[in-house]
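Novice: Quick one: structure below, then a few questions.
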Amino acid sequence: MQLFGDIKRLTPVGVDAVILYFKGDTLDKANAACQRWLAMIDSAVQSSIDSPLWLKECVPSYDSLLLVFNIEDIDTHGVYAWLRALSTRQAANESSENQNVTALPHSATKTIPVWYGALSASDLSVVSKKTSLSIDEIIALHTGCTFTVYAVGFAPGFAYMGELPEVMACSRLSTPRKRVPKGAVAIADRQTAVYPSDSPGGWNLLGLTPLSMVNHSENESTALLKAGDTVKFTAISEEEFYAYHEG
């Protein structure tokens, strides 16, 4: 198969799935390509023209996109041909300025409040020793970044976000905790995340957010963050944390 656009590799996964890997000399660029393709495919799904009715699931990750298809309707070569045709149509649309592929209508910007140093979720002193940064510097760097949600996994609503500045890169704990509290905001390597529920975990904890990462209703559960979203963290006090749901 001849590769095209910003796809650097297309790998079959069994008989009913393929993974697209994207070009990019940085993770942000590769993930942006992933999000562009996700937006293109989402748009095609909503269209009455050549909608991929065979597509069962589309799962984005850091620099890749997993497509699961109905083997009774199409095979890997058919998926490849459809993707190539989609890329060609997109290029034509861009050249005629009918559509801007960099626009990601499915993405959103979210702000997450954090009580940094919450007693049940604070490794700030540990992070300070690992990075040689003061606690104030750690909080300033974390709140000063705009993060991209690269992928959602590990647990429902657990969003992997990056990237932290290199000076804040922090190795995981040598021994994972048996329990990390729900809402714990954490970092590992150059990533950050929020634990959506009580669970084991080995990331370094910075504090707690009062927000729920998964919202439940009678009919469905919806994650607050999805791949492609951008996230800002903001510092709140202990009083603001406890007052968040009051009134």
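Ordering of the structure tokens sets the chain letters (A, B, ...), residue numbers begin anew at 1 in every chain, and ligands are numbered from 1 in the order given.
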Quick one: which stretch 83-166 of chain A residues come within 8 Å of stretch 221-243 of chain A, and what is the nearest atom pair for each with the distance in Å to one decimal, counting only C-alpha atoms, rows ordered by chain and ascending number, as CSV?
Specialist:
residue,atom,partner,partner_atom,distance
A:Leu104,CA,A:Gly228,CA,7.9
A:His106,CA,A:Gly228,CA,7.7
A:Ser107,CA,A:Asp229,CA,4.7
A:Ala108,CA,A:Asp229,CA,4.8
A:Thr109,CA,A:Thr230,CA,4.7
A:Lys110,CA,A:Val231,CA,4.9
A:Thr111,CA,A:Lys232,CA,4.8
A:Ile112,CA,A:Phe233,CA,4.8
A:Pro113,CA,A:Thr234,CA,4.8
A:Val114,CA,A:Ala235,CA,5.0
A:Trp115,CA,A:Ile236,CA,5.1
A:Tyr116,CA,A:Ala235,CA,6.6
A:Ala118,CA,A:Glu238,CA,7.5
A:Ile139,CA,A:Ala235,CA,7.9
A:His142,CA,A:Phe233,CA,7.0
A:Thr143,CA,A:Phe233,CA,4.9
A:Gly144,CA,A:Lys232,CA,7.8
A:Cys145,CA,A:Lys232,CA,6.7
A:Thr146,CA,A:Lys232,CA,5.2
A:Phe147,CA,A:Val231,CA,5.0
A:Thr148,CA,A:Thr230,CA,4.6
A:Val149,CA,A:Ala227,CA,4.9
A:Tyr150,CA,A:Ala227,CA,5.4
A:Ala151,CA,A:Ala227,CA,5.1
A:Val152,CA,A:Ala227,CA,6.4
A:Pro156,CA,A:Ala223,CA,7.3
A:Gly157,CA,A:Ala223,CA,4.9
A:Ala159,CA,A:Leu225,CA,6.5
Novice: List as a list in words the protein and nucleic acid residues near stretch 50-61 of chain A, meaning an atom at most 7 Å away when only C-alpha atoms are counted, but skip any in the same chain fewer than 6 places from it.
Specialist: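 Selected residues are Cys34, Ala44, Leu67, Val68, Phe69, Asn70, Asp73, Ile74, Tyr150, Ala151 and Ala227 of chain A.
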Novice: Need the shell around A:Asp189: protein/DNA/RNA residues with any atom at most 6 Å away, counting only C-alpha atoms. Skip same-chain ones fewer than 3 positions apart. Format as number ranges by chain?
Specialist: A: 169-171
Novice: For atom CA of A:Ser212 and atom CA of A:Pro196, quote the distance in Å rounded to one decimal.
Specialist: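 About the pair atom CA of A:Ser212 and atom CA of A:Pro196: they are 6.7 Å apart.
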Novice: Using DSSP on the backbone coordinates, identify all residues within stretch 10-112 of chain A classified as helix (DSSP H, G or I); present the result as a PyMOL selection string.
Specialist: chain A and resi 27-46+76-95
Novice: Take the residues just selected and output them with N, CA and C atoms as a tab-separated table (two decimals), in the first residue's frame.
Specialist:
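Generated output (selection_32.tsv):
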chain	number	residue	atom	x	y	z
A	27	LEU	N	5.55	15.06	19.30
A	27	LEU	CA	4.31	14.37	19.65
A	27	LEU	C	3.11	15.26	19.38
A	28	ASP	N	3.25	16.57	19.65
A	28	ASP	CA	2.14	17.49	19.39
A	28	ASP	C	1.74	17.49	17.92
A	29	LYS	N	2.72	17.47	17.02
A	29	LYS	CA	2.42	17.50	15.59
A	29	LYS	C	1.77	16.19	15.14
A	30	ALA	N	2.28	15.08	15.63
A	30	ALA	CA	1.69	13.79	15.27
A	30	ALA	C	0.28	13.67	15.81
A	31	ASN	N	0.06	14.16	17.04
A	31	ASN	CA	-1.28	14.10	17.62
A	31	ASN	C	-2.23	15.03	16.88
A	32	ALA	N	-1.73	16.19	16.43
A	32	ALA	CA	-2.57	17.11	15.65
A	32	ALA	C	-3.02	16.44	14.35
A	33	ALA	N	-2.12	15.69	13.72
A	33	ALA	CA	-2.50	14.96	12.52
A	33	ALA	C	-3.56	13.92	12.84
A	34	CYS	N	-3.40	13.24	13.96
A	34	CYS	CA	-4.40	12.26	14.40
A	34	CYS	C	-5.76	12.93	14.58
A	35	GLN	N	-5.77	14.10	15.20
A	35	GLN	CA	-7.03	14.79	15.43
A	35	GLN	C	-7.65	15.30	14.14
A	36	ARG	N	-6.81	15.70	13.17
A	36	ARG	CA	-7.35	16.12	11.87
A	36	ARG	C	-8.05	14.96	11.18
A	37	TRP	N	-7.43	13.80	11.22
A	37	TRP	CA	-8.05	12.63	10.60
A	37	TRP	C	-9.32	12.23	11.34
A	38	LEU	N	-9.30	12.33	12.65
A	38	LEU	CA	-10.50	12.01	13.42
A	38	LEU	C	-11.64	12.95	13.03
A	39	ALA	N	-11.32	14.24	12.86
A	39	ALA	CA	-12.34	15.20	12.45
A	39	ALA	C	-12.86	14.90	11.05
A	40	MET	N	-11.97	14.53	10.14
A	40	MET	CA	-12.37	14.19	8.78
A	40	MET	C	-13.29	12.98	8.76
A	41	ILE	N	-12.94	11.97	9.54
A	41	ILE	CA	-13.75	10.75	9.58
A	41	ILE	C	-15.10	11.03	10.24
A	42	ASP	N	-15.08	11.82	11.33
A	42	ASP	CA	-16.33	12.20	11.99
A	42	ASP	C	-17.25	12.93	11.01
A	43	SER	N	-16.68	13.82	10.22
A	43	SER	CA	-17.47	14.56	9.24
A	43	SER	C	-18.05	13.63	8.19
A	44	ALA	N	-17.25	12.65	7.76
A	44	ALA	CA	-17.73	11.69	6.77
A	44	ALA	C	-18.86	10.83	7.33
A	45	VAL	N	-18.75	10.46	8.59
A	45	VAL	CA	-19.79	9.66	9.23
A	45	VAL	C	-21.12	10.40	9.24
A	46	GLN	N	-21.06	11.73	9.43
A	46	GLN	CA	-22.26	12.54	9.48
A	46	GLN	C	-22.80	12.87	8.08
A	76	THR	N	-9.46	-4.79	4.65
A	76	THR	CA	-8.41	-3.81	4.88
A	76	THR	C	-8.13	-2.97	3.63
A	77	HIS	N	-8.12	-3.62	2.46
A	77	HIS	CA	-7.84	-2.90	1.22
A	77	HIS	C	-8.96	-1.90	0.91
A	78	GLY	N	-10.20	-2.27	1.23
A	78	GLY	CA	-11.31	-1.36	1.03
A	78	GLY	C	-11.23	-0.15	1.94
A	79	VAL	N	-10.80	-0.39	3.19
A	79	VAL	CA	-10.62	0.72	4.14
A	79	VAL	C	-9.53	1.66	3.63
A	80	TYR	N	-8.43	1.08	3.15
A	80	TYR	CA	-7.34	1.88	2.60
A	80	TYR	C	-7.83	2.74	1.44
A	81	ALA	N	-8.60	2.15	0.53
A	81	ALA	CA	-9.10	2.90	-0.63
A	81	ALA	C	-10.03	4.03	-0.18
A	82	TRP	N	-10.85	3.76	0.83
A	82	TRP	CA	-11.77	4.79	1.32
A	82	TRP	C	-10.99	5.94	1.96
A	83	LEU	N	-9.98	5.61	2.75
A	83	LEU	CA	-9.17	6.64	3.40
A	83	LEU	C	-8.44	7.49	2.37
A	84	ARG	N	-7.92	6.85	1.36
A	84	ARG	CA	-7.20	7.60	0.32
A	84	ARG	C	-8.15	8.53	-0.42
A	85	ALA	N	-9.36	8.05	-0.73
A	85	ALA	CA	-10.35	8.89	-1.40
A	85	ALA	C	-10.76	10.05	-0.50
A	86	LEU	N	-10.90	9.78	0.80
A	86	LEU	CA	-11.24	10.84	1.75
A	86	LEU	C	-10.15	11.90	1.79
A	87	SER	N	-8.89	11.47	1.78
A	87	SER	CA	-7.77	12.41	1.78
A	87	SER	C	-7.77	13.27	0.52
A	88	THR	N	-8.06	12.64	-0.61
A	88	THR	CA	-8.09	13.38	-1.88
A	88	THR	C	-9.20	14.42	-1.88
A	89	ARG	N	-10.38	14.03	-1.40
A	89	ARG	CA	-11.49	14.99	-1.34
A	89	ARG	C	-11.16	16.14	-0.39
A	90	GLN	N	-10.51	15.81	0.74
A	90	GLN	CA	-10.16	16.85	1.70
A	90	GLN	C	-9.18	17.84	1.09
A	91	ALA	N	-8.19	17.33	0.35
A	91	ALA	CA	-7.22	18.20	-0.31
A	91	ALA	C	-7.90	19.11	-1.32
A	92	ALA	N	-8.87	18.57	-2.05
A	92	ALA	CA	-9.61	19.39	-3.01
A	92	ALA	C	-10.42	20.46	-2.32
A	93	ASN	N	-11.04	20.11	-1.20
A	93	ASN	CA	-11.81	21.08	-0.44
A	93	ASN	C	-10.93	22.20	0.08
A	94	GLU	N	-9.73	21.84	0.56
A	94	GLU	CA	-8.82	22.85	1.08
A	94	GLU	C	-8.38	23.81	-0.03
A	95	SER	N	-8.07	23.24	-1.19
A	95	SER	CA	-7.59	24.08	-2.29
A	95	SER	C	-8.65	25.05	-2.77
